[in-house]
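Structure file entry-v3.cif with mmCIF, C-alpha atoms:
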```cif
data_input
loop_
_atom_site.label_atom_id
_atom_site.label_comp_id
_atom_site.auth_asym_id
_atom_site.auth_seq_id
_atom_site.Cartn_x
_atom_site.Cartn_y
_atom_site.Cartn_z
CA MET A 23 -10.83 -37.41 -64.89
CA THR A 24 -12.09 -40.81 -65.97
CA ASP A 25 -14.70 -40.77 -68.77
CA GLN A 26 -17.61 -43.04 -68.06
CA LYS A 27 -21.19 -43.72 -68.99
CA ARG A 28 -23.97 -45.54 -67.14
CA ILE A 29 -26.41 -47.70 -69.06
CA ASN A 30 -29.11 -50.24 -68.25
CA ILE A 31 -29.21 -53.62 -69.96
CA ASP A 32 -32.17 -55.98 -69.73
CA ALA A 33 -31.74 -58.70 -67.06
CA ILE A 34 -28.35 -57.29 -66.00
CA GLY A 35 -29.41 -53.84 -64.84
CA LYS A 36 -26.97 -50.97 -64.29
CA VAL A 37 -23.65 -51.19 -66.11
CA VAL A 38 -20.83 -48.65 -65.88
CA LEU A 39 -18.78 -48.19 -69.06
CA ARG A 40 -15.45 -46.65 -68.07
CA LYS A 41 -12.78 -45.47 -70.53
CA SER A 42 -9.13 -45.89 -69.62
CA ASN A 43 -5.93 -44.59 -71.19
CA ARG A 44 -4.05 -47.62 -69.88
CA ALA A 45 -6.47 -50.36 -70.99
CA LYS A 46 -5.50 -52.35 -74.09
CA TYR A 47 -8.55 -54.58 -74.18
CA LEU A 48 -12.20 -54.54 -73.14
CA ALA A 49 -12.62 -56.07 -69.68
CA ILE A 50 -15.49 -56.76 -67.28
CA ARG A 51 -15.24 -56.52 -63.49
CA ILE A 52 -18.03 -57.57 -61.13
CA LYS A 53 -17.66 -56.92 -57.42
CA PRO A 54 -19.99 -56.69 -54.41
CA ASN A 55 -21.60 -53.27 -54.03
CA GLU A 56 -19.99 -52.06 -57.26
CA GLY A 57 -21.96 -54.02 -59.85
CA VAL A 58 -20.81 -54.46 -63.43
CA ILE A 59 -17.96 -52.22 -64.57
CA VAL A 60 -16.61 -52.45 -68.10
CA THR A 61 -13.20 -50.98 -68.83
CA ILE A 62 -12.85 -49.69 -72.40
CA PRO A 63 -9.64 -48.63 -74.18
CA LYS A 64 -9.67 -44.92 -75.02
CA ARG A 65 -9.77 -45.64 -78.75
CA ALA A 66 -12.91 -47.82 -78.42
CA SER A 67 -16.47 -46.47 -78.37
CA TYR A 68 -19.14 -46.85 -75.71
CA LYS A 69 -21.19 -48.72 -78.31
CA GLU A 70 -18.43 -51.33 -78.53
CA GLY A 71 -18.52 -51.63 -74.75
CA GLU A 72 -22.28 -52.15 -74.78
CA PHE A 73 -21.95 -54.78 -77.51
CA PHE A 74 -19.23 -56.52 -75.46
CA VAL A 75 -21.53 -56.69 -72.43
CA THR A 76 -24.39 -58.09 -74.51
CA ASN A 77 -22.14 -60.85 -75.85
CA LYS A 78 -21.02 -61.72 -72.32
CA LYS A 79 -24.54 -61.62 -70.88
CA ASP A 80 -24.70 -65.28 -69.80
CA TRP A 81 -21.32 -65.05 -68.07
CA ILE A 82 -22.32 -61.82 -66.32
CA LEU A 83 -25.64 -63.22 -65.10
CA LYS A 84 -23.90 -66.29 -63.70
CA HIS A 85 -21.46 -64.13 -61.71
CA LEU A 86 -24.11 -61.62 -60.66
CA THR A 87 -25.89 -64.46 -58.86
CA LYS A 88 -22.74 -65.19 -56.86
CA ILE A 89 -22.20 -61.52 -56.13
CA LYS A 90 -25.81 -61.11 -54.97
CA LYS A 91 -25.27 -63.95 -52.50
CA ILE A 92 -22.17 -62.20 -51.12
CA GLU A 93 -24.07 -58.92 -50.80
CA ASP A 94 -26.95 -60.65 -49.02
CA GLU A 95 -24.51 -62.11 -46.52
CA GLN A 96 -23.00 -58.74 -45.69
CA ILE A 97 -23.75 -57.61 -42.20
CA LEU A 98 -26.57 -55.25 -41.24
CA PHE A 99 -25.76 -53.42 -38.02
CA ASP A 100 -28.31 -53.03 -35.21
CA GLU A 101 -28.55 -53.12 -31.42
CA ASN A 102 -27.83 -56.87 -31.36
CA THR A 103 -24.74 -56.78 -33.56
CA GLN A 104 -21.56 -58.06 -31.91
CA PHE A 105 -18.77 -56.11 -33.56
CA LYS A 106 -15.27 -55.38 -32.23
CA THR A 107 -12.06 -53.94 -33.56
CA LYS A 108 -8.72 -54.20 -31.74
CA GLU A 109 -9.71 -51.59 -29.18
CA HIS A 110 -13.34 -50.66 -29.75
CA LYS A 111 -16.71 -52.31 -29.26
CA LEU A 112 -19.73 -51.14 -31.28
CA VAL A 113 -22.70 -49.93 -29.20
CA ILE A 114 -25.88 -48.93 -31.05
CA SER A 115 -28.94 -47.44 -29.36
CA LYS A 116 -32.17 -45.73 -30.34
CA ASN A 117 -32.88 -42.37 -28.73
CA ASN A 118 -35.30 -39.49 -28.81
CA ILE A 119 -33.05 -37.29 -30.94
CA GLU A 120 -33.36 -35.62 -34.33
CA LYS A 121 -29.96 -36.49 -35.73
CA THR A 122 -27.64 -39.47 -35.40
CA LYS A 123 -24.79 -38.99 -32.92
CA ILE A 124 -21.46 -40.82 -33.14
CA ILE A 125 -19.11 -40.79 -30.18
CA ILE A 126 -15.80 -42.65 -30.18
CA THR A 127 -14.37 -43.24 -26.72
CA ASN A 128 -11.22 -45.15 -25.78
CA SER A 129 -13.12 -48.43 -25.87
CA GLU A 130 -16.44 -47.93 -27.69
CA ILE A 131 -17.99 -46.75 -30.93
CA VAL A 132 -21.26 -45.30 -29.65
CA VAL A 133 -23.96 -44.69 -32.27
CA GLU A 134 -27.27 -43.14 -31.19
CA TYR A 135 -29.90 -42.86 -33.90
CA PRO A 136 -33.35 -41.18 -33.94
CA SER A 137 -36.25 -43.36 -32.77
CA SER A 138 -38.17 -42.15 -35.84
CA GLN A 139 -35.65 -43.94 -38.12
CA ASP A 140 -35.22 -47.59 -39.04
CA VAL A 141 -31.80 -48.81 -37.94
CA HIS A 142 -31.58 -50.93 -41.10
CA SER A 143 -32.21 -47.97 -43.38
CA GLU A 144 -29.47 -46.97 -45.80
CA LEU A 145 -28.98 -43.65 -43.98
CA ILE A 146 -28.45 -45.13 -40.50
CA GLN A 147 -26.32 -48.01 -41.81
CA SER A 148 -24.15 -45.47 -43.59
CA GLU A 149 -23.67 -43.47 -40.38
CA ILE A 150 -22.84 -46.59 -38.37
CA LYS A 151 -20.20 -47.54 -40.94
CA LEU A 152 -18.83 -44.00 -40.75
CA GLY A 153 -18.37 -44.45 -37.00
CA ILE A 154 -16.63 -47.81 -37.45
CA THR A 155 -14.38 -46.40 -40.17
CA SER A 156 -13.39 -43.47 -37.93
CA ALA A 157 -12.44 -45.85 -35.11
CA LEU A 158 -10.45 -48.08 -37.45
CA ARG A 159 -8.57 -45.05 -38.76
CA ILE A 160 -7.73 -43.94 -35.21
CA GLU A 161 -6.43 -47.41 -34.35
CA ALA A 162 -4.49 -47.77 -37.60
CA LYS A 163 -2.74 -44.42 -37.08
CA LYS A 164 -1.87 -45.46 -33.54
CA HIS A 165 -0.46 -48.91 -34.31
CA MET A 166 0.46 -49.29 -37.99
CA PRO A 167 3.34 -46.80 -38.41
CA ARG A 168 5.21 -48.26 -35.45
CA ARG A 169 4.69 -51.88 -36.55
CA VAL A 170 5.70 -51.17 -40.15
CA GLU A 171 8.85 -49.43 -38.90
CA GLU A 172 9.67 -52.35 -36.60
CA LEU A 173 9.29 -55.00 -39.32
CA SER A 174 11.10 -52.86 -41.87
CA TYR A 175 14.10 -52.51 -39.53
CA LEU A 176 14.03 -56.14 -38.33
CA PHE A 177 14.15 -57.63 -41.83
CA ASN A 178 16.07 -54.85 -43.58
CA LEU A 179 13.19 -54.00 -45.91
CA PRO A 180 13.34 -50.21 -46.32
CA TYR A 181 10.36 -48.32 -47.72
CA ASN A 182 9.64 -44.74 -48.66
CA ARG A 183 6.35 -43.57 -47.13
CA LEU A 184 3.36 -45.21 -45.43
CA PHE A 185 -0.26 -44.36 -46.27
CA LEU A 186 -3.29 -45.67 -44.36
CA LYS A 187 -6.43 -45.87 -46.46
CA ASN A 188 -10.01 -47.14 -46.41
CA LEU A 189 -9.51 -49.51 -49.34
CA LYS A 190 -12.42 -51.48 -50.80
CA SER A 191 -10.78 -54.30 -52.70
CA ARG A 192 -7.30 -54.94 -51.29
CA TRP A 193 -5.45 -55.15 -48.00
CA GLY A 194 -2.38 -53.30 -49.15
CA SER A 195 -0.09 -52.34 -52.00
CA CYS A 196 3.43 -51.14 -52.76
CA SER A 197 4.03 -48.47 -55.38
CA VAL A 198 6.94 -48.25 -57.83
CA ARG A 199 8.39 -45.61 -55.50
CA ASN A 200 8.19 -48.05 -52.58
CA ASN A 201 5.33 -46.24 -50.88
CA ILE A 202 3.34 -48.69 -48.76
CA ASN A 203 -0.47 -48.45 -48.68
CA LEU A 204 -2.31 -50.36 -45.95
CA ASN A 205 -6.03 -50.83 -45.42
CA ILE A 206 -7.33 -49.50 -42.09
CA HIS A 207 -9.63 -52.57 -41.99
CA LEU A 208 -6.56 -54.62 -41.12
CA MET A 209 -7.38 -53.58 -37.55
CA ARG A 210 -10.17 -56.20 -37.64
CA LEU A 211 -7.71 -59.05 -38.31
CA PRO A 212 -5.50 -61.22 -36.05
CA GLU A 213 -2.02 -59.85 -35.34
CA GLU A 214 -0.20 -62.56 -37.33
CA ILE A 215 -2.29 -61.79 -40.42
CA ILE A 216 -1.61 -58.06 -40.05
CA ASP A 217 2.13 -58.78 -39.88
CA TYR A 218 1.81 -61.00 -42.94
CA VAL A 219 0.19 -58.20 -44.99
CA ILE A 220 2.80 -55.67 -43.86
CA LEU A 221 5.69 -57.99 -44.73
CA HIS A 222 4.04 -58.96 -48.01
CA GLU A 223 4.07 -55.32 -49.07
CA LEU A 224 7.55 -54.65 -47.71
CA VAL A 225 8.95 -57.55 -49.73
CA HIS A 226 7.43 -55.88 -52.80
CA THR A 227 10.01 -53.12 -52.32
CA PHE A 228 12.48 -55.70 -53.67
CA HIS A 229 10.26 -57.81 -55.95
CA LYS A 230 7.35 -55.99 -57.62
CA ASN A 231 5.55 -59.10 -58.90
CA HIS A 232 4.45 -62.39 -57.33
CA GLY A 233 7.12 -64.52 -58.95
CA LYS A 234 9.24 -67.27 -57.38
CA ARG A 235 11.80 -64.84 -56.01
CA PHE A 236 9.08 -62.85 -54.24
CA TRP A 237 7.62 -65.91 -52.48
CA ALA A 238 11.08 -67.24 -51.60
CA LYS A 239 12.00 -63.92 -49.98
CA LEU A 240 8.65 -63.66 -48.19
CA ASP A 241 9.00 -67.20 -46.82
CA ILE A 242 12.37 -66.27 -45.33
CA VAL A 243 10.99 -63.29 -43.40
CA ILE A 244 7.72 -65.00 -42.47
CA PRO A 245 7.80 -68.82 -42.76
CA GLY A 246 4.53 -70.40 -43.90
CA SER A 247 3.64 -67.36 -45.97
CA LYS A 248 1.49 -69.35 -48.41
CA SER A 249 -0.57 -70.71 -45.52
CA LEU A 250 -1.01 -67.19 -44.10
CA ASP A 251 -2.05 -65.99 -47.55
CA LYS A 252 -4.82 -68.62 -47.58
CA GLN A 253 -5.94 -67.50 -44.13
CA LEU A 254 -6.08 -63.90 -45.33
CA LYS A 255 -8.46 -64.91 -48.12
CA LYS A 256 -11.05 -65.90 -45.47
CA TYR A 257 -11.46 -62.21 -44.70
CA SER A 258 -12.89 -59.54 -46.95
CA PRO A 259 -11.48 -56.00 -47.09
CA ASN A 260 -14.88 -54.91 -48.41
CA TYR A 261 -16.60 -55.65 -45.07
CA PHE A 262 -19.27 -53.08 -45.75
#
```
If you took the structure in this file and wrote it as structure tokens, what would it be?
Amino acid sequence: MTDQKRINIDAIGKVVLRKSNRAKYLAIRIKPNEGVIVTIPKRASYKEGEFFVTNKKDWILKHLTKIKKIEDEQILFDENTQFKTKEHKLVISKNNIEKTKIIITNSEIVVEYPSSQDVHSELIQSEIKLGITSALRIEAKKHMPRRVEELSYLFNLPYNRLFLKNLKSRWGSCSVRNNINLNIHLMRLPEEIIDYVILHELVHTFHKNHGKRFWAKLDIVIPGSKSLDKQLKKYSPNYF
């Protein structure tokens, strides 16, 4: 289990100090909906982590402003929201019920919430996201294994196992054992971008880093890979 401590620092607010056996240096990470997380080597103390944050206060405040802007731009779902996945359309309605109901049909994500609740409340937003996540998982399980198998066979890029996950900060990854992890939120993206992510991770079965040999191999299997990589950056895996 990871050892961690939560503290509050003036002007910054909540900061998570997290100890890591693998960390060699103190490091700060700031991401939307996660806040400020400081990774501390196991040998270092929480006090050192707090001192590190204090010294980096100006840098943190500058980046917190950018992160706040990103968070503010994140979508709030309601009856007027136009949201679609590959196969499902989101339909939200208020009803005279006591508890939120989520029904996933072949073509819709139906969310009915109590008329006594505010649709923009944290509770209802959380339940709407749960419905969307469930639909994305259904679609990913239906389409991803077959497409990964097809591309693996077509380009002779064998892998070990495939895992579909609700990842917050990345579209995919390839482990040292050549297990491929793919984000179910890929089902929101165009087909060519999905194929790019799959092939990106499959090429990692041969080249584990992003060196010249990796990009050369990737450009063979999917020409214009750098351009597709730029297109991918227009989308955020942390949609919620």
Atom CA of Asn128 of chain A and atom CA of His110 of chain A, how far apart in Å?
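Distance reported for this atom pair: 7.1 Å.
This file gives the following result for the PyMOL selection byres ((chain A and resi 241-250) around 9): Phe177, Glu214, Ile215, Asp217, Tyr218, Leu221, His222, Val225, Phe236, Trp237, Ala238, Lys239, Leu240, Asp251, Lys252, Gln253, Leu254 and Lys255 of chain A.
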Using the chain letters and numbers from this file, what does the PyMOL selection byres ((chain A and resi 76) around 12) select? Give the answer as a list in words.
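Evaluating the PyMOL selection byres ((chain A and resi 76) around 12) on this file yields Ile29, Asn30, Ile31, Asp32, Ala33, Ile34, Gly35, Val37, Ile50, Val60, Lys69, Glu70, Gly71, Glu72, Phe73, Phe74, Val75, Asn77, Lys78, Lys79, Asp80, Trp81, Ile82 and Leu83 of chain A.
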Suppose you want the space between atom CA of Val219 of chain A and atom CA of Arg168 of chain A; what is it in Å?
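Computing the Euclidean distance for atom CA of Val219 of chain A and atom CA of Arg168 of chain A yields 14.7 Å.
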Hey, what comes out of the PyMOL selection byres ((chain A and resi 139) around 12) on this file? Could you write it as a short mmCIF file (atom, residue, chain, number, x, y, z; two decimals) with C-alpha atoms, in the frame of the given file?
```
data_model
loop_
_atom_site.label_atom_id
_atom_site.label_comp_id
_atom_site.auth_asym_id
_atom_site.auth_seq_id
_atom_site.Cartn_x
_atom_site.Cartn_y
_atom_site.Cartn_z
CA SER A 115 -28.94 -47.44 -29.36
CA LYS A 116 -32.17 -45.73 -30.34
CA ASN A 117 -32.88 -42.37 -28.73
CA ASN A 118 -35.30 -39.49 -28.81
CA ILE A 119 -33.05 -37.29 -30.94
CA GLU A 120 -33.36 -35.62 -34.33
CA LYS A 121 -29.96 -36.49 -35.73
CA THR A 122 -27.64 -39.47 -35.40
CA GLU A 134 -27.27 -43.14 -31.19
CA TYR A 135 -29.90 -42.86 -33.90
CA PRO A 136 -33.35 -41.18 -33.94
CA SER A 137 -36.25 -43.36 -32.77
CA SER A 138 -38.17 -42.15 -35.84
CA ASP A 140 -35.22 -47.59 -39.04
CA VAL A 141 -31.80 -48.81 -37.94
CA HIS A 142 -31.58 -50.93 -41.10
CA SER A 143 -32.21 -47.97 -43.38
CA GLU A 144 -29.47 -46.97 -45.80
CA LEU A 145 -28.98 -43.65 -43.98
CA ILE A 146 -28.45 -45.13 -40.50
CA GLN A 147 -26.32 -48.01 -41.81
#
```
Judged by all atoms listed in the file, the minimum distance to His226 of chain A among A:Ile150, A:Val198, A:Leu176, A:Ala49 is found for A:Val198
Closest to Ser258 of chain A among A:Ser129, A:Asn182, A:Asn205, A:Ser156, using only C-alpha atoms?
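Of A:Ser129, A:Asn182, A:Asn205, A:Ser156, the one nearest Ser258 of chain A, counting only C-alpha atoms, is A:Asn205.
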Selection as a list in words: residues within 12 Å of (-17.0, -43.2, -42.0), counting all atoms listed in the file
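Residues satisfying the cut-off, written out: Ile124, Ile126, Ile131, Ile146, Gln147, Ser148, Glu149, Ile150, Lys151, Leu152, Gly153, Ile154, Thr155, Ser156, Ala157, Leu158, Arg159, Ile160, Lys187, Asn188, Ile206, His207 and Phe262 of chain A.
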Please return the centre and edge lengths, in Å to one decimal, of a box with edges along x, y and z that contains all listed atoms of segment 35-42 of chain A, widened by 8 Å on every side, as lines of an AutoDock Vina configuration file.
```
center_x = -19.3
center_y = -49.7
center_z = -67.4
size_x = 36.3
size_y = 24.4
size_z = 22.2
```
Taking the block just given, write segment 129-147 of chain A to a file that holds C-alpha atoms, as a PDB file, in the first residue's frame.
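Output file out.pdb is given in full below:
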```
ATOM      1  CA  SER A 129     -28.377   2.749 -28.916  1.00  0.00           C
ATOM      2  CA  GLU A 130     -28.884   4.929 -25.832  1.00  0.00           C
ATOM      3  CA  ILE A 131     -27.551   5.686 -22.376  1.00  0.00           C
ATOM      4  CA  VAL A 132     -30.753   6.617 -20.570  1.00  0.00           C
ATOM      5  CA  VAL A 133     -30.338   8.446 -17.255  1.00  0.00           C
ATOM      6  CA  GLU A 134     -33.444   9.372 -15.251  1.00  0.00           C
ATOM      7  CA  TYR A 135     -32.817  11.407 -12.114  1.00  0.00           C
ATOM      8  CA  PRO A 136     -35.157  12.529  -9.286  1.00  0.00           C
ATOM      9  CA  SER A 137     -36.947  15.844  -9.858  1.00  0.00           C
ATOM     10  CA  SER A 138     -35.946  16.792  -6.303  1.00  0.00           C
ATOM     11  CA  GLN A 139     -32.246  16.776  -7.331  1.00  0.00           C
ATOM     12  CA  ASP A 140     -30.157  19.280  -9.269  1.00  0.00           C
ATOM     13  CA  VAL A 141     -28.804  17.663 -12.431  1.00  0.00           C
ATOM     14  CA  HIS A 142     -25.543  19.586 -11.968  1.00  0.00           C
ATOM     15  CA  SER A 143     -25.021  18.274  -8.448  1.00  0.00           C
ATOM     16  CA  GLU A 144     -21.965  16.126  -7.794  1.00  0.00           C
ATOM     17  CA  LEU A 145     -24.171  13.098  -7.069  1.00  0.00           C
ATOM     18  CA  ILE A 146     -26.150  13.206 -10.326  1.00  0.00           C
ATOM     19  CA  GLN A 147     -23.084  14.069 -12.422  1.00  0.00           C
TER      20      GLN A 147
END
```
